[in-house]
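Report on the structure given below.
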Amino acid sequence: MPENLRAILSAFAEIEEPVVFPVHPRTRAKMTDLGLDQHLPARNLRIIGPLGYLDMLALQQEARLLLTDSGGMQKEAYWLAVPCITLRPETEWVETVAAGWNVLVGADRERILEAVSSLVTPAQRPALYGDGRAAQRIIEVIEQHD
């Protein structure tokens, strides 16, 4: 929806810290069609092309927080211990919201700005998806049955 893209880009331009926005070619084309690229880049907003998976993970890992509409990035943010602001009204990863590491704001400019300025990293990050040792446990089970 054009109004959602306008609101999100408006919020990005108002955030008072650097924002890196890897833009999919279809989104970039939609921005051009709507005339939204005329007002960009804002001083804080760096629009770049799409990244490969490993480069995107590296970028995410160095972020103070992530703003995304991607379900995959929401979960990656949790694994990387980076707070997430989800630009959708719902998520399939409700456990990350319950743990306080993900905030749902939709495409509402004011809610995005409020979340960016007030989001505090929780003191605890429960092992919602395990402890990262599944491969080692599998090896141990296989070795026991040889």
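If you're wondering about the labels, chains in the structure tokens are A, B, ... by order shown, residues count from 1 in each chain, ligands from 1 in order shown.
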
Residue neighbourhood region 116-133 of chain A, 10 Å, only C-alpha atoms, exclusion window fewer than 5 positions, as a PyMOL selection string: chain A and resi 11-12+15-17+64-67+75+78-79+81-85+95-96+99-103+110-111+138

Writer output for current selection, C-alpha atoms, as a PDB file, in the first residue's frame:
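Output contents, as saved in out-v3.pdb:
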ATOM      1  CA  ALA A  11       9.680   7.647   9.870  1.00  0.00           C
ATOM      2  CA  PHE A  12      13.058   6.446   8.585  1.00  0.00           C
ATOM      3  CA  ILE A  15      15.030   8.802  13.062  1.00  0.00           C
ATOM      4  CA  GLU A  16      17.881  10.651  14.734  1.00  0.00           C
ATOM      5  CA  GLU A  17      20.537   8.049  14.052  1.00  0.00           C
ATOM      6  CA  ARG A  64      21.417  -1.267  17.491  1.00  0.00           C
ATOM      7  CA  LEU A  65      17.980  -2.471  16.400  1.00  0.00           C
ATOM      8  CA  LEU A  66      16.215  -3.762  13.303  1.00  0.00           C
ATOM      9  CA  LEU A  67      13.155  -2.342  11.604  1.00  0.00           C
ATOM     10  CA  LYS A  75      13.853 -14.409  14.136  1.00  0.00           C
ATOM     11  CA  TYR A  78      16.430 -12.619  18.182  1.00  0.00           C
ATOM     12  CA  TRP A  79      19.250 -15.084  17.496  1.00  0.00           C
ATOM     13  CA  ALA A  81      20.405 -10.489  20.310  1.00  0.00           C
ATOM     14  CA  VAL A  82      19.343  -7.365  18.399  1.00  0.00           C
ATOM     15  CA  PRO A  83      15.993  -5.809  19.357  1.00  0.00           C
ATOM     16  CA  CYS A  84      13.441  -5.733  16.540  1.00  0.00           C
ATOM     17  CA  ILE A  85      10.680  -3.350  15.515  1.00  0.00           C
ATOM     18  CA  GLU A  95       7.253 -15.541  21.404  1.00  0.00           C
ATOM     19  CA  THR A  96       9.791 -12.821  20.484  1.00  0.00           C
ATOM     20  CA  ALA A  99      10.003 -11.926  25.479  1.00  0.00           C
ATOM     21  CA  GLY A 100      10.230  -8.167  24.837  1.00  0.00           C
ATOM     22  CA  TRP A 101      12.704  -8.426  21.943  1.00  0.00           C
ATOM     23  CA  ASN A 102      10.195  -7.583  19.204  1.00  0.00           C
ATOM     24  CA  VAL A 103       7.648  -4.761  19.077  1.00  0.00           C
ATOM     25  CA  GLU A 110       4.350   7.826  15.119  1.00  0.00           C
ATOM     26  CA  ARG A 111       4.485   4.300  16.536  1.00  0.00           C
ATOM     27  CA  ILE A 138      22.978 -35.160  17.319  1.00  0.00           C
TER      28      ILE A 138
END

Alpha helix (DSSP H) positions in region 21-106 of chain A, given as an MDAnalysis selection string: chainID A and resid 25:33 53:61 71:79 94:98

Store the residues picked out above in a file with N, CA and C atoms, as an mmCIF file, in the first residue's frame.
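out-v2.cif, freshly written:
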data_model
loop_
_atom_site.group_PDB
_atom_site.id
_atom_site.type_symbol
_atom_site.label_atom_id
_atom_site.label_comp_id
_atom_site.auth_asym_id
_atom_site.auth_seq_id
_atom_site.Cartn_x
_atom_site.Cartn_y
_atom_site.Cartn_z
ATOM 1 N N PRO A 25 14.602 -4.289 -5.515
ATOM 2 C CA PRO A 25 14.325 -3.552 -6.761
ATOM 3 C C PRO A 25 12.848 -3.209 -6.967
ATOM 4 N N ARG A 26 11.929 -4.090 -6.584
ATOM 5 C CA ARG A 26 10.498 -3.771 -6.747
ATOM 6 C C ARG A 26 10.087 -2.618 -5.826
ATOM 7 N N THR A 27 10.645 -2.609 -4.609
ATOM 8 C CA THR A 27 10.341 -1.511 -3.690
ATOM 9 C C THR A 27 10.928 -0.211 -4.212
ATOM 10 N N ARG A 28 12.149 -0.270 -4.722
ATOM 11 C CA ARG A 28 12.775 0.937 -5.291
ATOM 12 C C ARG A 28 11.924 1.469 -6.447
ATOM 13 N N ALA A 29 11.441 0.598 -7.317
ATOM 14 C CA ALA A 29 10.598 1.018 -8.433
ATOM 15 C C ALA A 29 9.305 1.660 -7.924
ATOM 16 N N LYS A 30 8.715 1.077 -6.890
ATOM 17 C CA LYS A 30 7.484 1.631 -6.314
ATOM 18 C C LYS A 30 7.763 3.008 -5.710
ATOM 19 N N MET A 31 8.907 3.171 -5.061
ATOM 20 C CA MET A 31 9.285 4.475 -4.513
ATOM 21 C C MET A 31 9.370 5.511 -5.624
ATOM 22 N N THR A 32 9.969 5.137 -6.743
ATOM 23 C CA THR A 32 10.096 6.045 -7.883
ATOM 24 C C THR A 32 8.723 6.366 -8.472
ATOM 25 N N ASP A 33 7.899 5.321 -8.662
ATOM 26 C CA ASP A 33 6.553 5.523 -9.210
ATOM 27 C C ASP A 33 5.726 6.489 -8.363
ATOM 28 N N TYR A 53 22.726 -13.020 1.646
ATOM 29 C CA TYR A 53 22.345 -13.463 2.992
ATOM 30 C C TYR A 53 23.422 -13.191 4.042
ATOM 31 N N LEU A 54 24.660 -13.569 3.770
ATOM 32 C CA LEU A 54 25.721 -13.389 4.770
ATOM 33 C C LEU A 54 26.011 -11.917 5.017
ATOM 34 N N ASP A 55 26.006 -11.100 3.968
ATOM 35 C CA ASP A 55 26.205 -9.660 4.163
ATOM 36 C C ASP A 55 25.070 -9.059 4.974
ATOM 37 N N MET A 56 23.851 -9.523 4.729
ATOM 38 C CA MET A 56 22.707 -9.019 5.483
ATOM 39 C C MET A 56 22.806 -9.413 6.952
ATOM 40 N N LEU A 57 23.224 -10.649 7.211
ATOM 41 C CA LEU A 57 23.416 -11.067 8.611
ATOM 42 C C LEU A 57 24.475 -10.218 9.300
ATOM 43 N N ALA A 58 25.568 -9.936 8.598
ATOM 44 C CA ALA A 58 26.634 -9.108 9.178
ATOM 45 C C ALA A 58 26.103 -7.714 9.497
ATOM 46 N N LEU A 59 25.321 -7.148 8.608
ATOM 47 C CA LEU A 59 24.730 -5.829 8.844
ATOM 48 C C LEU A 59 23.787 -5.870 10.037
ATOM 49 N N GLN A 60 22.952 -6.894 10.105
ATOM 50 C CA GLN A 60 22.009 -7.031 11.212
ATOM 51 C C GLN A 60 22.741 -7.160 12.543
ATOM 52 N N GLN A 61 23.800 -7.930 12.547
ATOM 53 C CA GLN A 61 24.538 -8.184 13.786
ATOM 54 C C GLN A 61 25.125 -6.904 14.369
ATOM 55 N N GLY A 71 9.540 -11.784 8.361
ATOM 56 C CA GLY A 71 9.475 -12.769 9.441
ATOM 57 C C GLY A 71 10.833 -13.388 9.719
ATOM 58 N N GLY A 72 11.583 -13.692 8.666
ATOM 59 C CA GLY A 72 12.911 -14.269 8.848
ATOM 60 C C GLY A 72 13.843 -13.343 9.604
ATOM 61 N N MET A 73 13.806 -12.051 9.276
ATOM 62 C CA MET A 73 14.680 -11.108 9.974
ATOM 63 C C MET A 73 14.284 -10.936 11.433
ATOM 64 N N GLN A 74 13.005 -11.084 11.737
ATOM 65 C CA GLN A 74 12.578 -10.995 13.133
ATOM 66 C C GLN A 74 13.260 -12.087 13.961
ATOM 67 N N LYS A 75 13.253 -13.292 13.422
ATOM 68 C CA LYS A 75 13.853 -14.409 14.136
ATOM 69 C C LYS A 75 15.370 -14.276 14.169
ATOM 70 N N GLU A 76 15.977 -13.855 13.066
ATOM 71 C CA GLU A 76 17.429 -13.632 13.042
ATOM 72 C C GLU A 76 17.821 -12.577 14.062
ATOM 73 N N ALA A 77 17.031 -11.521 14.189
ATOM 74 C CA ALA A 77 17.318 -10.481 15.177
ATOM 75 C C ALA A 77 17.376 -11.091 16.572
ATOM 76 N N TYR A 78 16.436 -11.972 16.862
ATOM 77 C CA TYR A 78 16.430 -12.619 18.182
ATOM 78 C C TYR A 78 17.682 -13.453 18.383
ATOM 79 N N TRP A 79 18.038 -14.264 17.388
ATOM 80 C CA TRP A 79 19.250 -15.084 17.496
ATOM 81 C C TRP A 79 20.494 -14.221 17.678
ATOM 82 N N VAL A 94 5.388 -14.766 17.740
ATOM 83 C CA VAL A 94 4.782 -14.107 18.901
ATOM 84 C C VAL A 94 5.633 -14.264 20.162
ATOM 85 N N GLU A 95 6.412 -15.333 20.225
ATOM 86 C CA GLU A 95 7.253 -15.541 21.404
ATOM 87 C C GLU A 95 8.330 -14.460 21.534
ATOM 88 N N THR A 96 8.791 -13.897 20.413
ATOM 89 C CA THR A 96 9.791 -12.821 20.484
ATOM 90 C C THR A 96 9.164 -11.538 21.013
ATOM 91 N N VAL A 97 7.888 -11.340 20.717
ATOM 92 C CA VAL A 97 7.161 -10.186 21.253
ATOM 93 C C VAL A 97 6.958 -10.384 22.760
ATOM 94 N N ALA A 98 6.520 -11.579 23.152
ATOM 95 C CA ALA A 98 6.294 -11.868 24.572
ATOM 96 C C ALA A 98 7.573 -11.722 25.386
#

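Going from CA of Leu113 (chain A) over to CA of Glu14 (chain A), you cover 7.7 Å.
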